[in-house]
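J.: Sharing entry.csv, CSV, C-alpha atoms:
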chain,number,residue,atom,x,y,z
A,1,MET,CA,0.0,0.0,0.0
A,2,ARG,CA,2.8,2.4,0.9
A,3,ILE,CA,4.7,1.7,-2.3
A,4,GLN,CA,1.6,2.2,-4.5
A,5,THR,CA,1.0,5.6,-2.7
A,6,ILE,CA,4.6,6.7,-3.3
A,7,LYS,CA,4.3,5.8,-7.0
A,8,ILE,CA,1.2,7.9,-7.3
A,9,LEU,CA,3.0,10.8,-5.6
A,10,LEU,CA,6.0,10.5,-7.9
A,11,LEU,CA,3.8,10.5,-11.0
A,12,SER,CA,1.9,13.5,-9.7
A,13,THR,CA,5.2,15.3,-9.1
A,14,ILE,CA,6.5,14.5,-12.6
A,15,SER,CA,3.3,15.8,-14.1
A,16,LEU,CA,3.4,19.0,-12.1
A,17,ASN,CA,7.1,19.4,-12.9
A,18,VAL,CA,6.3,19.3,-16.7
A,19,VAL,CA,3.5,21.9,-16.2
A,20,HIS,CA,5.9,24.0,-14.2
A,21,CYS,CA,8.5,24.1,-16.9
A,22,PHE,CA,6.0,25.7,-19.3
A,23,ALA,CA,4.3,28.0,-16.8
A,24,PRO,CA,5.2,31.6,-16.2
A,25,LEU,CA,7.6,32.1,-13.3
A,26,SER,CA,5.1,34.1,-11.3
A,27,SER,CA,2.5,31.3,-11.5
A,28,ARG,CA,4.6,28.3,-10.7
A,29,THR,CA,3.3,26.7,-7.5
A,30,PHE,CA,3.5,23.3,-5.9
A,31,ILE,CA,1.3,22.3,-3.0
A,32,GLY,CA,0.5,25.9,-2.2
A,33,GLN,CA,4.1,27.1,-2.3
A,34,SER,CA,5.9,29.3,-4.9
A,35,PHE,CA,9.1,28.0,-6.4
A,36,GLU,CA,11.6,29.6,-8.8
A,37,THR,CA,13.3,26.4,-9.9
A,38,ASN,CA,12.4,22.8,-10.6
A,39,ALA,CA,14.7,21.8,-7.7
A,40,GLY,CA,12.2,23.2,-5.3
A,41,ILE,CA,9.5,20.8,-6.6
A,42,VAL,CA,11.8,17.8,-6.4
A,43,GLY,CA,12.9,18.7,-2.9
A,44,SER,CA,9.3,19.1,-1.7
A,45,ALA,CA,8.4,15.7,-3.3
A,46,LYS,CA,11.3,14.1,-1.4
A,47,ARG,CA,10.1,15.6,1.8
A,48,GLN,CA,6.6,14.3,1.2
A,49,ILE,CA,7.8,10.8,0.4
A,50,LYS,CA,10.1,10.7,3.5
A,51,LEU,CA,7.1,11.8,5.7
A,52,LEU,CA,4.9,9.2,4.1
A,53,ALA,CA,7.5,6.4,4.7
A,54,VAL,CA,7.8,7.4,8.3
A,55,GLU,CA,4.1,7.8,9.1
A,56,THR,CA,2.5,5.0,7.0
A,57,PRO,CA,2.8,1.5,8.5
A,58,SER,CA,4.5,-1.1,6.5
A,59,ASP,CA,2.7,-3.9,4.7
A,60,PRO,CA,2.8,-7.3,6.4
A,61,PRO,CA,6.0,-9.2,5.3
A,62,ALA,CA,5.6,-12.4,3.4
A,63,LEU,CA,5.2,-15.5,5.5
A,64,VAL,CA,8.4,-17.5,6.3
A,65,GLY,CA,6.5,-20.2,8.2
A,66,GLU,CA,3.3,-22.0,7.3
A,67,ASP,CA,-0.3,-20.8,7.1
A,68,SER,CA,-2.1,-22.0,10.2
A,69,ALA,CA,-5.4,-23.9,10.1
A,70,SER,CA,-5.5,-23.9,6.3
A,71,PHE,CA,-7.9,-26.6,5.0
A,72,SER,CA,-9.0,-27.5,1.5
A,73,LEU,CA,-11.8,-30.0,1.1
A,74,ALA,CA,-10.8,-30.6,-2.5
A,75,GLU,CA,-7.3,-31.8,-1.4
A,76,GLN,CA,-8.7,-34.4,1.0
A,77,LYS,CA,-8.7,-38.1,0.0
A,78,THR,CA,-11.5,-40.3,1.1
A,79,GLY,CA,-9.1,-43.2,1.6
A,80,ASP,CA,-7.0,-41.3,4.1
A,81,TRP,CA,-10.0,-40.5,6.2
A,82,ILE,CA,-11.2,-44.1,6.2
A,83,LYS,CA,-7.8,-45.1,7.4
A,84,PHE,CA,-8.0,-42.3,10.1
A,85,THR,CA,-11.3,-43.5,11.3
A,86,ALA,CA,-10.1,-47.2,11.5
A,87,ALA,CA,-6.8,-46.3,13.1
A,88,THR,CA,-8.4,-43.9,15.7
A,89,GLY,CA,-11.2,-46.4,16.5
A,90,THR,CA,-8.7,-49.2,16.9
A,91,VAL,CA,-6.4,-47.3,19.3
A,92,LEU,CA,-9.3,-46.0,21.4
A,93,ALA,CA,-10.9,-49.4,21.6
A,94,ALA,CA,-7.6,-51.0,22.6
A,95,THR,CA,-6.9,-48.3,25.2
A,96,SER,CA,-10.4,-48.6,26.7
A,97,TYR,CA,-10.1,-52.4,27.0
A,98,VAL,CA,-6.6,-52.4,28.5
A,99,TRP,CA,-7.1,-49.4,30.7
A,100,LEU,CA,-10.6,-49.2,32.0
A,101,LEU,CA,-13.2,-51.8,30.8
A,102,PRO,CA,-14.4,-54.4,33.3
A,103,SER,CA,-13.5,-57.2,31.0
A,104,GLY,CA,-9.9,-56.0,30.6
A,105,PRO,CA,-6.8,-56.1,32.8
A,106,HIS,CA,-7.7,-52.8,34.5
A,107,LEU,CA,-4.3,-51.2,34.1
A,108,GLY,CA,-5.9,-47.8,34.8
A,109,ASP,CA,-6.8,-49.0,38.3
A,110,GLU,CA,-3.3,-50.3,38.8
A,111,PHE,CA,-1.9,-46.9,37.7
A,112,LEU,CA,-4.1,-45.0,40.2
A,113,ASN,CA,-3.3,-47.5,43.1
A,114,THR,CA,0.4,-47.2,42.3
A,115,ILE,CA,0.3,-43.4,42.4
A,116,GLN,CA,-1.6,-43.3,45.7
A,117,GLY,CA,0.7,-46.0,47.2
A,118,MET,CA,3.8,-44.0,46.3
A,119,MET,CA,2.4,-40.8,47.7
A,120,GLY,CA,1.1,-42.6,50.8
A,121,THR,CA,-2.4,-40.9,50.6
A,122,THR,CA,-5.7,-41.0,48.7
A,123,SER,CA,-6.1,-37.2,49.1
A,124,PRO,CA,-7.4,-36.0,45.7
A,125,ASP,CA,-5.2,-32.9,45.5
A,126,ILE,CA,-2.0,-34.9,46.1
A,127,THR,CA,-3.1,-37.7,43.8
A,128,MET,CA,-4.0,-35.2,41.0
A,129,LEU,CA,-0.6,-33.5,41.5
A,130,ALA,CA,1.3,-36.8,41.1
A,131,MET,CA,-0.8,-38.1,38.2
A,132,LEU,CA,-0.2,-34.9,36.1
A,133,THR,CA,3.5,-34.9,37.0
A,134,ILE,CA,3.8,-38.4,35.6
A,135,PHE,CA,1.9,-37.4,32.5
A,136,ALA,CA,4.1,-34.3,32.0
A,137,ILE,CA,7.3,-36.2,32.3
A,138,ALA,CA,6.1,-38.9,29.8
A,139,HIS,CA,4.6,-36.4,27.3
A,140,SER,CA,7.5,-34.0,27.2
A,141,GLY,CA,10.1,-36.7,27.5
A,142,LEU,CA,8.8,-38.5,24.5
A,143,ALA,CA,8.5,-35.2,22.6
A,144,GLY,CA,12.1,-34.5,23.4
A,145,LEU,CA,13.3,-37.9,22.2
A,146,ARG,CA,11.4,-37.5,18.9
A,147,PRO,CA,14.3,-36.2,16.7
A,148,TYR,CA,16.5,-39.1,17.8
A,149,ALA,CA,13.8,-41.8,17.9
A,150,GLU,CA,12.4,-41.0,14.5
A,151,GLU,CA,15.8,-41.7,12.9
A,152,ILE,CA,15.6,-45.2,14.4
A,153,PHE,CA,11.9,-46.1,14.3
A,154,GLY,CA,10.5,-43.6,11.7
A,155,ALA,CA,8.1,-40.7,12.2
A,156,ARG,CA,4.9,-42.8,12.0
A,157,ALA,CA,6.1,-45.5,14.4
A,158,TRP,CA,7.2,-43.0,17.0
A,159,ARG,CA,3.9,-41.2,16.8
A,160,VAL,CA,2.2,-44.5,17.6
A,161,VAL,CA,4.5,-45.0,20.6
A,162,PHE,CA,3.7,-41.5,21.7
A,163,ALA,CA,0.0,-42.1,21.5
A,164,VAL,CA,0.1,-45.4,23.2
A,165,VAL,CA,1.8,-43.9,26.3
A,166,SER,CA,0.1,-40.5,26.4
A,167,LEU,CA,-3.5,-41.4,25.7
A,168,PRO,CA,-4.0,-43.7,28.7
A,169,LEU,CA,-2.3,-41.3,31.1
A,170,ALA,CA,-4.3,-38.4,29.8
A,171,LEU,CA,-7.5,-40.4,30.1
A,172,SER,CA,-6.7,-41.2,33.8
A,173,CYS,CA,-5.9,-37.6,34.6
A,174,ILE,CA,-9.0,-36.2,32.9
A,175,SER,CA,-11.4,-38.8,34.5
A,176,TYR,CA,-9.9,-38.4,37.9
A,177,PHE,CA,-10.1,-34.6,37.6
A,178,VAL,CA,-13.8,-34.7,36.6
A,179,ASN,CA,-14.6,-37.0,39.5
A,180,HIS,CA,-12.7,-35.1,42.2
A,181,SER,CA,-12.4,-31.4,41.1
A,182,HIS,CA,-15.0,-30.3,43.7
A,183,GLU,CA,-13.2,-32.2,46.5
A,184,GLY,CA,-10.2,-31.3,48.7
A,185,VAL,CA,-10.0,-28.2,50.8
A,186,GLN,CA,-12.3,-25.4,49.7
A,187,LEU,CA,-9.9,-22.4,49.5
A,188,TRP,CA,-12.5,-19.9,48.3
A,189,ASN,CA,-16.1,-19.7,47.0
A,190,LEU,CA,-16.7,-16.9,44.6
A,191,ARG,CA,-19.7,-18.4,42.8
A,192,ASP,CA,-22.1,-15.7,44.1
A,193,VAL,CA,-20.0,-12.9,42.6
A,194,PRO,CA,-22.1,-11.3,39.8
A,195,GLY,CA,-20.9,-12.0,36.3
A,196,LEU,CA,-18.2,-14.6,37.4
A,197,HIS,CA,-19.9,-17.5,35.7
A,198,SER,CA,-20.1,-15.6,32.4
A,199,ALA,CA,-16.5,-14.4,32.7
A,200,CYS,CA,-15.3,-18.0,33.3
A,201,TRP,CA,-17.4,-19.3,30.4
A,202,ILE,CA,-15.9,-16.8,28.1
A,203,ALA,CA,-12.4,-17.4,29.3
A,204,ASN,CA,-12.8,-21.2,28.8
A,205,PHE,CA,-14.2,-20.6,25.3
A,206,ILE,CA,-11.3,-18.4,24.3
A,207,SER,CA,-8.8,-20.9,25.7
A,208,PHE,CA,-9.9,-23.4,23.1
A,209,ILE,CA,-9.4,-20.9,20.3
A,210,PHE,CA,-5.8,-20.9,21.5
A,211,LEU,CA,-5.2,-24.5,20.4
A,212,TYR,CA,-1.8,-25.0,18.7
A,213,PRO,CA,-2.4,-25.3,14.9
A,214,SER,CA,-0.8,-28.7,14.7
A,215,THR,CA,-3.8,-30.1,16.6
A,216,PHE,CA,-5.8,-29.5,13.5
A,217,ASN,CA,-3.6,-31.8,11.4
A,218,LEU,CA,-5.6,-34.9,12.3
A,219,LEU,CA,-4.1,-37.1,9.7
A,220,GLU,CA,-0.6,-36.4,11.1
A,221,VAL,CA,-1.9,-36.9,14.7
A,222,ALA,CA,-3.0,-40.4,13.7
A,223,ALA,CA,0.1,-41.0,11.7
A,224,ILE,CA,-1.8,-41.5,8.5
A,225,GLU,CA,0.4,-38.8,7.0
A,226,LYS,CA,4.0,-38.5,8.1
A,227,PRO,CA,4.1,-36.3,11.3
A,228,GLN,CA,6.1,-33.2,10.9
A,229,LEU,CA,7.4,-30.4,13.2
A,230,HIS,CA,5.6,-27.5,11.6
A,231,LEU,CA,6.7,-23.9,11.8
A,232,TRP,CA,3.4,-22.0,11.9
A,233,GLU,CA,3.2,-18.2,11.5
A,234,SER,CA,-0.3,-16.9,10.7
A,235,GLY,CA,-3.6,-17.0,12.5
A,236,ILE,CA,-3.3,-17.4,16.3
A,237,ILE,CA,0.5,-17.5,16.0
A,238,ARG,CA,0.4,-13.7,15.2
A,239,ILE,CA,-1.1,-13.2,18.7
A,240,THR,CA,1.2,-15.6,20.6
A,241,ARG,CA,3.8,-18.0,19.4
A,242,HIS,CA,2.7,-20.5,22.1
A,243,PRO,CA,-1.1,-20.4,22.0
A,244,GLN,CA,-1.5,-23.8,23.7
A,245,ALA,CA,0.4,-22.6,26.8
A,246,MET,CA,-1.5,-19.3,26.9
A,247,GLY,CA,-4.8,-21.1,26.4
A,248,GLN,CA,-4.0,-23.6,29.2
A,249,ILE,CA,-3.2,-20.8,31.6
A,250,LEU,CA,-6.5,-19.1,30.8
A,251,TRP,CA,-8.4,-22.4,31.3
A,252,CYS,CA,-6.7,-23.0,34.6
A,253,GLY,CA,-7.4,-19.5,35.8
A,254,ALA,CA,-11.1,-19.8,35.0
A,255,HIS,CA,-11.5,-23.2,36.7
A,256,CYS,CA,-9.6,-22.1,39.8
A,257,ALA,CA,-11.8,-18.9,40.1
A,258,TRP,CA,-15.0,-20.9,39.7
A,259,LEU,CA,-14.3,-24.1,41.8
A,260,GLY,CA,-11.8,-22.8,44.3
A,261,SER,CA,-10.8,-26.3,45.5
A,262,SER,CA,-7.3,-27.5,46.4
A,263,THR,CA,-7.7,-30.3,43.8
A,264,VAL,CA,-8.2,-27.7,41.0
A,265,VAL,CA,-5.4,-25.5,42.3
A,266,SER,CA,-2.9,-28.5,42.4
A,267,ALA,CA,-3.9,-29.7,39.0
A,268,SER,CA,-3.6,-26.1,37.6
A,269,ALA,CA,-0.2,-25.6,39.1
A,270,ILE,CA,1.2,-28.7,37.3
A,271,LEU,CA,-0.5,-27.9,34.1
A,272,VAL,CA,0.8,-24.3,34.0
A,273,LEU,CA,4.3,-25.4,35.0
A,274,HIS,CA,4.3,-28.1,32.3
A,275,HIS,CA,3.1,-25.6,29.6
A,276,LEU,CA,5.7,-23.0,30.7
A,277,TYR,CA,8.3,-25.6,30.2
A,278,SER,CA,6.9,-26.4,26.8
A,279,VAL,CA,7.4,-22.8,25.8
A,280,TRP,CA,11.2,-23.2,26.2
A,281,HIS,CA,11.2,-26.8,24.9
A,282,GLY,CA,9.0,-25.9,21.9
A,283,ASP,CA,11.3,-23.0,20.8
A,284,ARG,CA,14.3,-25.2,21.3
A,285,ARG,CA,12.9,-28.0,19.0
A,286,LEU,CA,11.7,-25.5,16.4
A,287,ALA,CA,15.2,-23.8,16.3
A,288,ARG,CA,16.8,-27.1,15.9
A,289,GLU,CA,14.5,-28.1,13.0
A,290,HIS,CA,14.0,-24.8,11.2
A,291,GLY,CA,17.1,-22.8,12.0
A,292,GLU,CA,17.1,-19.3,10.5
A,293,ALA,CA,13.5,-19.5,9.4
A,294,PHE,CA,12.5,-19.9,13.1
A,295,SER,CA,14.7,-17.0,14.1
A,296,ILE,CA,12.7,-14.8,11.7
A,297,VAL,CA,9.4,-16.0,13.0
A,298,LYS,CA,10.5,-15.6,16.6
A,299,GLU,CA,11.4,-12.0,15.9
A,300,ARG,CA,8.0,-11.4,14.4
A,301,THR,CA,6.1,-13.0,17.3
A,302,SER,CA,5.9,-13.1,21.0
A,303,VAL,CA,5.1,-15.5,23.9
A,304,ILE,CA,3.0,-13.0,25.7
A,305,PRO,CA,-0.2,-12.4,23.7
A,306,PHE,CA,-0.3,-9.2,21.6
A,307,GLN,CA,3.2,-8.1,22.7
A,308,ALA,CA,4.8,-8.3,19.3
A,309,ILE,CA,1.8,-6.5,17.8
A,310,ILE,CA,2.0,-3.7,20.3
A,311,GLU,CA,5.8,-3.4,19.8
A,312,GLY,CA,5.3,-3.2,16.0
A,313,ARG,CA,7.2,-6.4,15.3
A,314,GLN,CA,4.0,-8.2,14.1
A,315,ILE,CA,2.0,-6.3,11.4
A,316,LEU,CA,-1.5,-7.7,11.0
A,317,PRO,CA,-2.9,-7.9,7.4
A,318,GLU,CA,-6.1,-6.0,6.7
A,319,ASN,CA,-8.1,-9.2,6.4
A,320,TYR,CA,-6.5,-10.8,9.5
A,321,TYR,CA,-9.9,-12.1,10.7
A,322,THR,CA,-10.2,-14.3,7.7
A,323,GLU,CA,-7.4,-16.5,9.1
A,324,PHE,CA,-9.9,-17.7,11.7
A,325,LEU,CA,-12.8,-18.2,9.3
A,326,ARG,CA,-11.7,-21.7,8.4
A,327,GLY,CA,-13.1,-25.2,8.9
A,328,PRO,CA,-10.9,-26.3,11.8
A,329,TYR,CA,-12.0,-23.3,13.9
A,330,ALA,CA,-15.7,-23.9,13.1
A,331,LEU,CA,-15.2,-27.4,14.5
A,332,VAL,CA,-13.5,-26.0,17.6
A,333,VAL,CA,-16.3,-23.5,18.2
A,334,GLY,CA,-19.0,-26.2,17.8
A,335,GLY,CA,-17.0,-28.7,19.9
A,336,THR,CA,-16.4,-26.2,22.7
A,337,VAL,CA,-20.1,-25.3,23.0
A,338,ALA,CA,-21.1,-29.0,22.8
A,339,ALA,CA,-18.6,-29.9,25.6
A,340,TYR,CA,-20.1,-27.2,27.9
A,341,PHE,CA,-23.6,-28.7,27.5
A,342,ALA,CA,-22.2,-32.2,27.8
A,343,HIS,CA,-20.7,-31.6,31.2
A,344,PRO,CA,-23.4,-33.7,33.0
A,345,TRP,CA,-22.8,-36.7,30.8
A,346,MET,CA,-19.0,-36.3,31.1
A,347,MET,CA,-19.3,-36.4,34.9
A,348,ALA,CA,-21.6,-39.4,34.7
A,349,GLY,CA,-19.2,-41.2,32.4
A,350,ALA,CA,-16.2,-40.5,34.6
A,351,ALA,CA,-18.1,-41.6,37.7
A,352,LEU,CA,-18.6,-45.1,36.2
A,353,LEU,CA,-14.8,-45.6,36.3
A,354,LYS,CA,-14.9,-45.2,40.1
A,355,TRP,CA,-11.5,-43.6,40.1
In structure tokens, what does this structure look like?
T.:
Amino acid sequence: MRIQTIKILLLSTISLNVVHCFAPLSSRTFIGQSFETNAGIVGSAKRQIKLLAVETPSDPPALVGEDSASFSLAEQKTGDWIKFTAATGTVLAATSYVWLLPSGPHLGDEFLNTIQGMMGTTSPDITMLAMLTIFAIAHSGLAGLRPYAEEIFGARAWRVVFAVVSLPLALSCISYFVNHSHEGVQLWNLRDVPGLHSACWIANFISFIFLYPSTFNLLEVAAIEKPQLHLWESGIIRITRHPQAMGQILWCGAHCAWLGSSTVVSASAILVLHHLYSVWHGDRRLAREHGEAFSIVKERTSVIPFQAIIEGRQILPENYYTEFLRGPYALVVGGTVAAYFAHPWMMAGAALLKW
């Protein structure tokens, strides 16, 4: 936009200069000022261009990283989604049988009993703290080993290993949290504060908009396509380079404010610490994988939401909002609203596990 405006100004200057050459000396004016030489016109134009360059914001630079949450229905292959459905169904069925179903070996029960035995208590806040700590170590540990393990086992095989370890642990943590989030010591009760419920609901809703864009690549998540370590740059990444961490902090703050129990506080403490570690760990992995390209993206973005925009390092395009008007975000919005209304069924389902 600035370049086009400067071109127009230059063309106008040239035209006026030609007219000036053939006009009487007494009538030669440019932008309301009298000049006796063509040099005056050129100097004034230079001053105008310099002022324009200083005061007009630059156009957004071309993306170095990838376009977040982009999705083209025409590029999808039916066969890939059939494989995705079969693979996901198989993994979930196997996990359910091994981890929680009455007819299976009940490894989920063994995991919970082992945790509580190690901690020497069945207190829900201590149990939640220990369960999430184990999950964090396993999850980030396997992610850290990824560059080395993929060279040995391959990207798809390592993704399966990652899922087989992470899914059961996550299922145990979520189920136990749902069952015991209201228990423990009641540290505060702010539920009668006007507007708090609405504020917490909005905060929870926004937290899911802050999902990391790789979450949308379902075919890579299920190892149907080769998993990659993507360098995203558009969409939510313009606001914060680590949206998953910022969204988790927002989610934890809302749940702590509304429930106020020691169980929620202990769970939130580990979740926030884990995601703060992931900020450093994620940048380290991206720098190792993408080198100079990541350095450029890092300079244009920030960890703290909106910081790079305020500092002028991130220039939003005029149609920035369209980067969120995409299929994956429509599913996130629908799923978030559905999950809110499904809370009673989620609590009933978790209660069946008796964890």
J.: Which value, in Å to one decimal, gives the distance between atom CA of A:Leu259 and atom CA of A:Phe306?
T.: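 So the answer is 28.7 Å.
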J.: When you look at stretch 79-90 of chain A with a cut-off of 8 Å (counting all atoms listed in the file), what residues show up, excluding the ones that are within fewer than 4 positions of it in the same chain? I need them as a PDB file with C-alpha atoms, in the frame of the given file.
T.:
ATOM      1  CA  ALA A  94      -7.600 -51.000  22.600  1.00  0.00           C
ATOM      2  CA  LEU A 219      -4.100 -37.100   9.700  1.00  0.00           C
ATOM      3  CA  ALA A 222      -3.000 -40.400  13.700  1.00  0.00           C
ATOM      4  CA  ILE A 224      -1.800 -41.500   8.500  1.00  0.00           C
TER       5      ILE A 224
END
J.: Let me make sure I understand: among A:Phe153, A:His182, A:Leu286, A:Pro344, which one has the smallest atom-to-atom distance to A:Leu229 if we use only C-alpha atoms?
T.: A:Leu286
J.: Using all atoms listed in the file for the distances, tell me which of A:Ala203, A:His281, A:Thr127, A:Phe210 is nearest to A:His139.
T.: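 Closest to A:His139, using all atoms listed in the file: A:His281.
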J.: One number please: atom CA of A:Ile270 to atom CA of A:Asp125, in Å, one decimal.
T.: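 Separating atom CA of A:Ile270 from atom CA of A:Asp125 is a distance of 11.2 Å.
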J.: Record the distance separating atom CA of A:Asn179 and atom CA of A:Val265, expressed in Å with one decimal.
T.: 15.0 Å
J.: Hey, what's within 12 Å of A:His290 if we count only C-alpha atoms and toss same-chain stuff fewer than 5 positions away? As a VMD selection string, please?
T.: chain A and resid 64 to 66 228 to 232 282 to 285 295 to 298
J.: Can you work out which one of A:Ala257, A:Val164, A:Val333, A:Ala130 has the shortest atom-to-atom distance to A:Tyr176, counting all atoms listed in the file?
T.: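 Ranked by minimum distance to A:Tyr176, first place goes to A:Ala130.
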J.: List the spatial neighbours of A:Trp188 as a PyMOL selection string - criterion: any atom at most 12 Å away, all atoms listed in the file, same-chain residues fewer than 2 positions off excluded.
T.: chain A and resi 182+184-186+190-193+256-262+264-265
J.: Keeping only C-alpha atoms, take the residues you just selected and write them out as a compact mmCIF listing (two decimals), in the frame of the given file.
T.:
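Just written: result-v2.txt:
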# COMPACT_ATOMS: atom_id res chain seq x y z
CA HIS A 182 -15.00 -30.30 43.70
CA GLY A 184 -10.20 -31.30 48.70
CA VAL A 185 -10.00 -28.20 50.80
CA GLN A 186 -12.30 -25.40 49.70
CA LEU A 190 -16.70 -16.90 44.60
CA ARG A 191 -19.70 -18.40 42.80
CA ASP A 192 -22.10 -15.70 44.10
CA VAL A 193 -20.00 -12.90 42.60
CA CYS A 256 -9.60 -22.10 39.80
CA ALA A 257 -11.80 -18.90 40.10
CA TRP A 258 -15.00 -20.90 39.70
CA LEU A 259 -14.30 -24.10 41.80
CA GLY A 260 -11.80 -22.80 44.30
CA SER A 261 -10.80 -26.30 45.50
CA SER A 262 -7.30 -27.50 46.40
CA VAL A 264 -8.20 -27.70 41.00
CA VAL A 265 -5.40 -25.50 42.30
J.: Smallest atom-to-atom distance to A:Ala350: which of A:Phe205, A:Phe177, A:Phe216, A:Tyr320, using only C-alpha atoms?
T.: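 Of A:Phe205, A:Phe177, A:Phe216, A:Tyr320, the one nearest A:Ala350 is A:Phe177, counting only C-alpha atoms.
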